[in-house]
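Chemist: Below you will find the structure I want to go over with you.
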Amino acid sequence: MSIPTAPERVTVVTVAHNSLAVLPAMLASLPRSAGTVIVDNASQDRAALAALAAEHGAQLIRNDDNLGFGAACNIGASEARTEFLFFLNPDARLAPGALEALVTAADNHPEASAFNPAITDGRGRPYFKRGSVLLPRADKLPSGWPETDRELPVLTGAAFFVRRAAFEAAGGFDPEIFLYHEDDDLALRLKAGAGPLRFVRAAHVTHDAGNSTLRSPASAAFKAFHMGRSRVYATRKHGLPGAGRKAFTSALLQLLSPLTLLSARKRAKQAAFLRGIVSGLKHESSR
């Protein structure tokens with residue numbers, strides 16, 4: 001029986017929602033031997049997406065409604081039988097050898113549950129989650145990539161590499177979180193229950209943040225609303241004192257900022273963020 005290669009030990013899961021502008025480049029960057037699952041959250045470009053999936057040998061799962069990022073990731077992960085899962089945004093691209101470096105790091109650190117590669121943004125700058133609203137400020141790391149591989153306080157969901165057994169034991173992404181903070185929440189649960197989180201400097205990924213869906217004022221407002229709603233839910237879930245009040249006050253001050261008031265786009269975005277927080281507060285109070 002042949003020993004599987006590193007990519008054969010990984011299933012890549014990506015969530016698409018009108019993502020055809022970026023998804024072809026992401027799929028082209030993957031080793032052909034890696035399993036790939038595309039979960040379509042009710043995109044409008046169904047026929048073209050099906051053709052693209054077939055071209056790259058990817059499994060395509062369609063949701064009739066947009067179920068949110070975490071719920072769609074869980075659906076994709078349920079199809080995997082490999083040792084590792086790699087949740088990758090459609091606007092990300094792997095450098096050659098990235099999967100191999102992640103698998104090597106996982107083999108060298110069996111105590112660790114999940115990993116982030118070294119991510120750059122579309123301009124070549126380090127894209128690195130230094131901390132989280134779910135963690136104390138004292139846990140926040142300096143800007144830029146760490147100089148060497150090391151443990152991390154939290155992970156970004158743009159390129160989230162995890163042992164499948166640990167992911168399943170943790171219950172996967174929380175489906176109550178539609179968008180934003182679902183990666184923070186999962187990372188902290190993995191760290192508490194399955195083992196440390198680690199940074200892998202030798203694995204390189206480019207992430208053109210914000211380009212996974214069509215950009216428009218309506219899309220920005222939609223995302224801002226769910227950011228606010230998720231902020232309330234996630235901070236309360238992790239027991240942060242006064243989280244709802246602090247989020248509401250912060251959102252209101254941002255909305256009333258002169259820089260926000262002078263920009264119609266910023267006003268719409270901050271107003272949606274505030275509405276999301278209010279919606280989250282109402283939902284939590286009714287539970």
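Labeling convention for the structure tokens: chains A, B, ... as they appear, residues from 1 per chain, ligands from 1 in order of appearance.
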So that I can check the surroundings of Lys266 (chain A), please list as number ranges by chain every protein, DNA and RNA residue that reaches within 10 Å of it, counting only C-alpha atoms and ignoring chain neighbours fewer than 6 positions away.

Modeler: A: 217, 220-221, 254-255, 259-260, 272

Chemist: As a JSON list (two decimals) with C-alpha atoms, in the first residue's frame, please: every residue in region 19-238 of chain A that a backbone DSSP assignment puts in helix (DSSP H, G or I).

Modeler:
```json
[["chain", "number", "residue", "atom", "x", "y", "z"],
["A", 23, "LEU", "CA", -12.10, 31.34, -7.46],
["A", 24, "PRO", "CA", -10.32, 30.17, -10.67],
["A", 25, "ALA", "CA", -6.96, 31.47, -9.44],
["A", 26, "MET", "CA", -7.42, 29.81, -6.06],
["A", 27, "LEU", "CA", -8.28, 26.44, -7.60],
["A", 28, "ALA", "CA", -5.38, 26.70, -10.04],
["A", 46, "ARG", "CA", -24.45, 28.43, -10.97],
["A", 47, "ALA", "CA", -23.68, 27.07, -14.44],
["A", 48, "ALA", "CA", -20.26, 28.70, -14.67],
["A", 49, "LEU", "CA", -19.40, 27.56, -11.16],
["A", 50, "ALA", "CA", -20.34, 23.97, -12.01],
["A", 51, "ALA", "CA", -18.13, 24.09, -15.10],
["A", 52, "LEU", "CA", -15.22, 25.48, -13.07],
["A", 53, "ALA", "CA", -15.58, 22.78, -10.40],
["A", 54, "ALA", "CA", -15.61, 20.07, -13.05],
["A", 55, "GLU", "CA", -12.53, 21.53, -14.73],
["A", 69, "PHE", "CA", -19.63, 30.97, 6.22],
["A", 70, "GLY", "CA", -19.29, 28.63, 9.20],
["A", 71, "ALA", "CA", -22.36, 26.53, 8.42],
["A", 72, "ALA", "CA", -21.19, 26.11, 4.81],
["A", 73, "CYS", "CA", -17.70, 25.10, 6.00],
["A", 74, "ASN", "CA", -19.26, 22.44, 8.21],
["A", 75, "ILE", "CA", -21.18, 21.05, 5.24],
["A", 76, "GLY", "CA", -18.00, 20.86, 3.17],
["A", 77, "ALA", "CA", -16.01, 19.31, 6.01],
["A", 98, "ALA", "CA", 2.40, 25.51, 1.02],
["A", 99, "LEU", "CA", 0.36, 22.38, 1.69],
["A", 100, "GLU", "CA", 3.51, 20.31, 2.11],
["A", 101, "ALA", "CA", 4.86, 22.81, 4.66],
["A", 102, "LEU", "CA", 1.62, 22.75, 6.65],
["A", 103, "VAL", "CA", 1.50, 18.95, 6.74],
["A", 104, "THR", "CA", 5.17, 18.83, 7.77],
["A", 105, "ALA", "CA", 4.49, 21.29, 10.60],
["A", 106, "ALA", "CA", 1.54, 19.20, 11.75],
["A", 107, "ASP", "CA", 3.67, 16.04, 11.73],
["A", 108, "ASN", "CA", 6.44, 17.81, 13.67],
["A", 137, "ARG", "CA", -5.25, 42.96, 24.85],
["A", 138, "ALA", "CA", -2.25, 41.51, 26.67],
["A", 139, "ASP", "CA", -2.44, 38.47, 24.38],
["A", 164, "ARG", "CA", -10.06, 16.76, 11.07],
["A", 165, "ALA", "CA", -10.37, 14.76, 14.30],
["A", 166, "ALA", "CA", -9.87, 17.92, 16.37],
["A", 167, "PHE", "CA", -12.34, 19.87, 14.21],
["A", 168, "GLU", "CA", -15.01, 17.21, 14.62],
["A", 169, "ALA", "CA", -14.39, 16.84, 18.37],
["A", 182, "GLU", "CA", -16.52, 32.31, 13.65],
["A", 183, "ASP", "CA", -12.81, 31.65, 13.14],
["A", 184, "ASP", "CA", -11.86, 33.25, 16.46],
["A", 185, "ASP", "CA", -14.51, 31.20, 18.25],
["A", 186, "LEU", "CA", -13.41, 27.91, 16.68],
["A", 187, "ALA", "CA", -9.71, 28.62, 17.23],
["A", 188, "LEU", "CA", -10.24, 29.30, 20.94],
["A", 189, "ARG", "CA", -12.32, 26.16, 21.37],
["A", 190, "LEU", "CA", -9.66, 24.10, 19.59],
["A", 191, "LYS", "CA", -6.92, 25.62, 21.73],
["A", 192, "ALA", "CA", -8.83, 24.85, 24.92],
["A", 193, "GLY", "CA", -9.87, 21.32, 24.01],
["A", 217, "PRO", "CA", -22.51, 49.31, -0.96],
["A", 218, "ALA", "CA", -25.23, 46.71, -0.37],
["A", 219, "SER", "CA", -22.63, 43.97, 0.13],
["A", 220, "ALA", "CA", -20.63, 46.18, 2.53],
["A", 221, "ALA", "CA", -23.75, 46.94, 4.58],
["A", 222, "PHE", "CA", -24.71, 43.25, 4.64],
["A", 223, "LYS", "CA", -21.28, 42.29, 5.96],
["A", 224, "ALA", "CA", -21.26, 45.14, 8.51],
["A", 225, "PHE", "CA", -24.66, 44.07, 9.86],
["A", 226, "HIS", "CA", -23.48, 40.52, 10.44],
["A", 227, "MET", "CA", -20.21, 41.75, 11.93],
["A", 228, "GLY", "CA", -22.20, 43.65, 14.55],
["A", 229, "ARG", "CA", -24.58, 40.78, 15.24],
["A", 230, "SER", "CA", -21.73, 38.28, 15.51],
["A", 231, "ARG", "CA", -19.77, 40.61, 17.79],
["A", 232, "VAL", "CA", -22.54, 40.51, 20.38],
["A", 233, "TYR", "CA", -23.06, 36.76, 20.16],
["A", 234, "ALA", "CA", -19.38, 35.76, 20.22],
["A", 235, "THR", "CA", -18.31, 38.08, 23.03],
["A", 236, "ARG", "CA", -21.20, 36.96, 25.22],
["A", 237, "LYS", "CA", -20.54, 33.31, 24.37]]
```

Chemist: Please provide as an mmCIF file with N, CA and C atoms, in the first residue's frame all residues within 7 Å of Ala112 (chain A), with the sequence filter that same-chain residues fewer than 2 positions apart are discarded (counting only C-alpha atoms).

Modeler:
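Output file around-v2.cif follows:
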```
data_model
loop_
_atom_site.group_PDB
_atom_site.id
_atom_site.type_symbol
_atom_site.label_atom_id
_atom_site.label_comp_id
_atom_site.auth_asym_id
_atom_site.auth_seq_id
_atom_site.Cartn_x
_atom_site.Cartn_y
_atom_site.Cartn_z
ATOM 1 N N HIS A 109 4.608 18.701 15.004
ATOM 2 C CA HIS A 109 3.986 19.205 16.243
ATOM 3 C C HIS A 109 2.644 18.506 16.455
ATOM 4 N N PRO A 110 2.693 17.228 16.816
ATOM 5 C CA PRO A 110 1.442 16.476 16.995
ATOM 6 C C PRO A 110 0.575 17.000 18.126
ATOM 7 N N ALA A 114 -4.312 23.155 15.236
ATOM 8 C CA ALA A 114 -4.617 23.907 14.015
ATOM 9 C C ALA A 114 -3.496 24.906 13.741
ATOM 10 N N GLY A 195 -5.551 21.352 21.684
ATOM 11 C CA GLY A 195 -4.127 21.632 21.641
ATOM 12 C C GLY A 195 -3.806 22.982 21.050
ATOM 13 N N PRO A 196 -2.556 23.413 21.130
ATOM 14 C CA PRO A 196 -2.154 24.765 20.725
ATOM 15 C C PRO A 196 -2.405 25.065 19.249
ATOM 16 N N LEU A 197 -2.395 26.360 18.947
ATOM 17 C CA LEU A 197 -2.482 26.874 17.590
ATOM 18 C C LEU A 197 -1.083 27.326 17.189
ATOM 19 N N ARG A 198 -0.715 27.113 15.908
ATOM 20 C CA ARG A 198 0.655 27.425 15.515
ATOM 21 C C ARG A 198 0.702 28.177 14.182
#
```

Chemist: What's the separation between CA of Leu60 (chain A) and CA of Gly35 (chain A), in Å to one decimal place?

Modeler: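 Computing the Euclidean distance for CA of Leu60 (chain A) and CA of Gly35 (chain A) yields 11.5 Å.
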
Chemist: What's around Trp145 (chain A) at 10 Å? Count only C-alpha atoms, leave out sequence neighbours fewer than 5 positions away in its own chain, and write the answer as JSON, numbers by chain.

Modeler: {"A": [117, 118, 119, 120, 125, 126, 127, 128, 129, 130, 199, 200, 201]}

Chemist: Rank nothing, just name the residue among A:Thr82, A:Asn66, A:Asn18, A:Asn41 nearest to Thr5 (chain A), using only C-alpha atoms.

Modeler: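 Looking only at the distances to Thr5 (chain A), the closest residue turns out to be A:Thr82.
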
Chemist: For region 133-176 of chain A against region 203-208 of chain A, with a cut-off of 12 Å and counting only C-alpha atoms, what is the closest atom pair and its distance in Å to one decimal for every residue that makes the cut, ordered by chain and number, as a Markdown table?

Modeler:
```
| residue | atom | partner | partner_atom | distance |
| --- | --- | --- | --- | --- |
| A:Trp145 | CA | A:His204 | CA | 11.3 |
| A:Thr148 | CA | A:Ala203 | CA | 11.7 |
| A:Asp149 | CA | A:Ala203 | CA | 10.3 |
| A:Thr156 | CA | A:His207 | CA | 11.2 |
| A:Gly157 | CA | A:His207 | CA | 11.0 |
| A:Ala158 | CA | A:His207 | CA | 7.3 |
| A:Ala159 | CA | A:Val205 | CA | 7.7 |
| A:Phe160 | CA | A:Val205 | CA | 11.0 |
| A:Phe161 | CA | A:Ala203 | CA | 10.9 |
```
